[in-house]
>>> print(open('final_1.cif').read())   # mmCIF, C-alpha atoms
data_start
#
loop_
_atom_site.group_PDB
_atom_site.id
_atom_site.type_symbol
_atom_site.label_atom_id
_atom_site.label_comp_id
_atom_site.auth_asym_id
_atom_site.auth_seq_id
_atom_site.Cartn_x
_atom_site.Cartn_y
_atom_site.Cartn_z
ATOM 1 C CA MET V 235 -19.404 -38.101 1.283
ATOM 2 C CA ASP V 236 -22.706 -37.451 3.005
ATOM 3 C CA LYS V 237 -24.680 -34.195 3.067
ATOM 4 C CA ASN V 238 -23.261 -32.979 6.391
ATOM 5 C CA GLU V 239 -19.679 -33.362 5.207
ATOM 6 C CA ALA V 240 -20.563 -31.577 1.965
ATOM 7 C CA ARG V 241 -22.129 -28.654 3.884
ATOM 8 C CA GLU V 242 -19.078 -28.395 6.139
ATOM 9 C CA ALA V 243 -16.761 -28.395 3.127
ATOM 10 C CA LEU V 244 -18.824 -25.668 1.425
ATOM 11 C CA ALA V 245 -18.899 -23.582 4.605
ATOM 12 C CA SER V 246 -15.129 -23.824 5.024
ATOM 13 C CA ALA V 247 -14.620 -22.951 1.343
ATOM 14 C CA ASP V 248 -16.872 -19.893 1.723
ATOM 15 C CA ALA V 249 -14.950 -18.808 4.826
ATOM 16 C CA ALA V 250 -11.639 -19.183 2.995
ATOM 17 C CA ALA V 251 -12.957 -17.211 0.008
ATOM 18 C CA SER V 252 -14.128 -14.354 2.216
ATOM 19 C CA ARG V 253 -10.724 -14.230 3.972
ATOM 20 C CA MET V 254 -8.998 -14.081 0.584
ATOM 21 C CA LYS V 255 -11.249 -11.257 -0.626
ATOM 22 C CA ARG V 256 -10.558 -9.239 2.538
ATOM 23 C CA GLY V 257 -6.813 -9.697 2.015
ATOM 24 C CA ASN V 258 -7.013 -8.600 -1.629
ATOM 25 C CA ARG V 259 -8.069 -4.966 -1.233
ATOM 26 C CA ARG V 260 -7.117 -2.758 -4.141
ATOM 27 C CA PRO V 261 -4.539 -0.126 -3.141
ATOM 28 C CA GLY V 262 -5.139 2.140 -6.172
ATOM 29 C CA PRO V 263 -5.990 5.385 -4.335
ATOM 30 C CA VAL V 264 -3.261 4.760 -1.765
ATOM 31 C CA VAL V 265 -0.697 4.310 -4.525
ATOM 32 C CA PHE V 266 -1.806 7.582 -6.146
ATOM 33 C CA LEU V 267 -1.401 9.326 -2.769
ATOM 34 C CA LEU V 268 2.075 7.832 -2.386
ATOM 35 C CA GLY V 269 2.928 9.251 -5.812
ATOM 36 C CA VAL V 270 1.699 12.701 -4.809
ATOM 37 C CA ALA V 271 3.684 12.452 -1.571
ATOM 38 C CA MET V 272 6.789 11.450 -3.514
ATOM 39 C CA MET V 273 6.322 14.373 -5.884
ATOM 40 C CA VAL V 274 5.812 16.941 -3.122
ATOM 41 C CA MET V 275 8.652 15.614 -0.972
ATOM 42 C CA THR V 276 11.147 15.542 -3.844
ATOM 43 C CA ALA V 277 10.219 19.039 -5.052
ATOM 44 C CA GLY V 278 10.318 20.341 -1.495
ATOM 45 C CA TYR V 279 13.706 18.811 -0.936
ATOM 46 C CA GLY V 280 15.211 20.274 -4.077
ATOM 47 C CA LEU V 281 13.722 23.727 -3.713
ATOM 48 C CA LEU V 282 13.792 24.294 0.051
ATOM 49 C CA ILE V 283 16.702 22.375 1.572
ATOM 50 C CA GLU V 284 20.005 24.178 1.895
ATOM 51 C CA PRO V 285 22.953 22.497 0.133
ATOM 52 C CA THR V 286 24.892 22.138 3.408
ATOM 53 C CA SER V 287 22.191 20.149 5.218
ATOM 54 C CA GLN V 288 21.135 17.656 2.589
ATOM 55 C CA HIS V 289 23.150 14.541 3.374
ATOM 56 C CA ALA V 290 20.581 12.506 5.337
ATOM 57 C CA VAL V 291 17.344 13.957 3.957
ATOM 58 C CA PRO V 292 17.223 11.960 0.664
ATOM 59 C CA VAL V 293 16.987 8.703 2.610
ATOM 60 C CA VAL V 294 13.911 9.997 4.452
ATOM 61 C CA LEU V 295 12.313 10.863 1.129
ATOM 62 C CA LEU V 296 12.293 7.184 0.166
ATOM 63 C CA ILE V 297 9.461 6.511 2.642
ATOM 64 C CA PRO V 298 6.802 6.204 -0.127
ATOM 65 C CA PHE V 299 8.896 3.502 -1.832
ATOM 66 C CA PHE V 300 9.379 1.671 1.453
ATOM 67 C CA ALA V 301 5.631 1.874 2.116
ATOM 68 C CA LEU V 302 4.872 0.328 -1.280
ATOM 69 C CA VAL V 303 7.387 -2.485 -0.790
ATOM 70 C CA ILE V 304 6.144 -3.261 2.735
ATOM 71 C CA TYR V 305 2.512 -3.210 1.599
ATOM 72 C CA THR V 306 3.074 -5.667 -1.234
ATOM 73 C CA ALA V 307 5.270 -7.923 0.878
ATOM 74 C CA THR V 308 2.621 -8.242 3.600
ATOM 75 C CA ARG V 309 -0.356 -9.015 1.331
ATOM 76 C CA PRO V 310 -1.322 -12.671 1.605
ATOM 77 C CA VAL V 311 -3.148 -12.587 -1.731
ATOM 78 C CA LEU V 312 -2.430 -10.430 -4.757
ATOM 79 C CA ALA V 313 -3.739 -10.627 -8.277
ATOM 80 C CA ARG V 314 -1.531 -12.230 -10.883
ATOM 81 C CA HIS V 315 1.689 -10.360 -11.753
ATOM 82 C CA HIS V 316 1.114 -7.638 -9.133
ATOM 83 C CA ARG V 317 4.298 -8.367 -7.200
ATOM 84 C CA THR V 318 6.232 -8.087 -10.471
ATOM 85 C CA ARG V 319 4.504 -4.805 -11.345
ATOM 86 C CA TYR V 320 5.259 -3.356 -7.928
ATOM 87 C CA ALA V 321 8.870 -4.522 -8.028
ATOM 88 C CA LEU V 322 9.392 -2.970 -11.464
ATOM 89 C CA ALA V 323 7.685 0.276 -10.447
ATOM 90 C CA THR V 324 9.731 0.511 -7.270
ATOM 91 C CA THR V 325 12.970 -0.139 -9.150
ATOM 92 C CA ALA V 326 12.142 2.400 -11.871
ATOM 93 C CA GLY V 327 11.044 4.971 -9.307
ATOM 94 C CA ALA V 328 14.157 4.480 -7.199
ATOM 95 C CA ALA V 329 16.348 4.879 -10.292
ATOM 96 C CA LEU V 330 14.548 8.077 -11.331
ATOM 97 C CA TYR V 331 14.721 9.377 -7.777
ATOM 98 C CA THR V 332 18.439 8.616 -7.493
ATOM 99 C CA LEU V 333 19.152 10.321 -10.794
ATOM 100 C CA THR V 334 17.053 13.365 -9.889
ATOM 101 C CA VAL V 335 18.496 13.822 -6.411
ATOM 102 C CA THR V 336 22.114 13.038 -7.289
ATOM 103 C CA LEU V 337 22.337 15.289 -10.331
ATOM 104 C CA GLY V 338 20.077 17.915 -8.812
ATOM 105 C CA SER V 339 22.098 18.159 -5.609
ATOM 106 C CA ALA V 340 25.370 18.380 -7.491
ATOM 107 C CA PHE V 341 24.428 20.717 -10.333
ATOM 108 C CA PHE V 342 20.932 22.190 -9.908
ATOM 109 C CA SER V 343 20.523 23.125 -6.245
ATOM 110 C CA GLY V 344 17.338 25.167 -5.868
ATOM 111 C CA GLU V 345 16.562 25.250 -9.609
ATOM 112 C CA PRO V 346 12.813 24.800 -10.233
ATOM 113 C CA LEU V 347 13.424 23.844 -13.879
ATOM 114 C CA TRP V 348 15.222 20.725 -12.642
ATOM 115 C CA TRP V 349 13.336 19.819 -9.478
ATOM 116 C CA LEU V 350 9.722 20.222 -10.604
ATOM 117 C CA PRO V 351 9.960 17.948 -13.689
ATOM 118 C CA GLY V 352 12.235 15.610 -11.705
ATOM 119 C CA SER V 353 9.691 15.309 -8.904
ATOM 120 C CA VAL V 354 6.941 14.526 -11.418
ATOM 121 C CA LEU V 355 9.141 11.828 -12.974
ATOM 122 C CA CYS V 356 9.724 10.322 -9.513
ATOM 123 C CA ALA V 357 5.957 10.006 -9.053
ATOM 124 C CA VAL V 358 5.238 8.462 -12.483
ATOM 125 C CA PRO V 359 5.801 4.818 -11.391
ATOM 126 C CA PHE V 360 3.233 5.247 -8.611
ATOM 127 C CA PHE V 361 0.716 6.754 -11.029
ATOM 128 C CA VAL V 362 1.273 3.907 -13.509
ATOM 129 C CA ILE V 363 0.628 1.321 -10.782
ATOM 130 C CA GLY V 364 -2.494 3.219 -9.683
ATOM 131 C CA ALA V 365 -3.787 3.264 -13.261
ATOM 132 C CA LEU V 366 -3.076 -0.456 -13.653
ATOM 133 C CA GLU V 367 -4.951 -1.103 -10.414
ATOM 134 C CA ARG V 368 -7.967 0.787 -11.717
ATOM 135 C CA THR V 369 -8.035 -1.152 -14.987
ATOM 136 C CA THR V 370 -7.565 -4.453 -13.129
ATOM 137 C CA ALA V 371 -10.437 -3.608 -10.788
ATOM 138 C CA ARG V 372 -12.715 -2.930 -13.770
ATOM 139 C CA THR V 373 -12.146 -6.236 -15.553
ATOM 140 C CA PRO V 374 -14.780 -8.885 -14.807
ATOM 141 C CA GLU V 375 -12.290 -11.609 -13.953
ATOM 142 C CA ALA V 376 -10.141 -9.388 -11.697
ATOM 143 C CA GLY V 377 -9.218 -11.890 -9.092
ATOM 144 C CA PRO V 378 -6.224 -13.771 -7.754
#
>>> encode(input="final_1.cif", output="structure tokens")
Amino acid sequence: MDKNEAREALASADAAASRMKRGNRRPGPVVFLLGVAMMVMTAGYGLLIEPTSQHAVPVVLLIPFFALVIYTATRPVLARHHRTRYALATTAGAALYTLTVTLGSAFFSGEPLWWLPGSVLCAVPFFVIGALERTTARTPEAGP
């Protein structure tokens, strides 16, 4: 390999590395905001929606979960184990959300003592992922 070929190989490697770094943005603050949105939407649903008009609304409230799944599925590069973390957080959050909405709609319609702690529990998986993102971003070898 001569010097020109070596320079071309280094230039293409640098270009590939910069593309990978652009595709590996940390979504920590966005995940925290999704958690806050999930908390507010769930509490609002439980406290403000009338029992007769609540059949289709819970599906709309899953938008933060869908946003997290779509975001992780479209990332070309993620750090190690991030897809697993997001899948586990989404599954846990969906289970907590289902439990909160199902039991709350059936037995605790409009009860703040059920809906406020339930909405916080629905947001916990997002906050855990956001905290993990922050600690991953702080480690020196935080890379793919």
>>> closest_residue(input="final_1.cif", among="V:Ala243, V:Ala271, V:Ala249, V:Leu296", to="Thr332 of chain V", atoms="all atoms listed in the file")
V:Leu296
>>> closest_residue(input="final_1.cif", among="V:Thr369, V:Ser353, V:Ser246, V:Thr334", to="Met275 of chain V", atoms="all atoms listed in the file")
V:Ser353
>>> closest_residue(input="final_1.cif", among="V:Val335, V:Ala247, V:Ala321, V:Ala340", to="Cys356 of chain V", atoms="all atoms listed in the file")
V:Val335
>>> resolve_selection(input="final_1.cif", expression="the PyMOL selection byres ((chain V and resi 333) around 12)", output="PyMOL selection string")
chain V and resi 276+292+326-332+334-341+348-349+352-353+355-356
>>> atom_distance(input="final_1.cif", atom1="atom CA of Phe300 of chain V", atom2="atom CA of Pro346 of chain V")
26.1 Å
>>> closest_residue(input="final_1.cif", among="V:Leu281, V:Phe342, V:Ile304, V:Ala365", to="Thr324 of chain V", atoms="only C-alpha atoms")
V:Ile304
>>> atom_distance(input="final_1.cif", atom1="atom CA of Gly344 of chain V", atom2="atom CA of Leu268 of chain V")
23.4 Å
>>> resolve_selection(input="final_1.cif", expression="the PyMOL selection byres ((chain V and resi 270) around 10)", output="PyMOL selection string")
chain V and resi 264-269+271-276+298+353-354+356-358+360-361
>>> atom_distance(input="final_1.cif", atom1="atom CA of Leu350 of chain V", atom2="atom CA of Ile283 of chain V")
14.2 Å
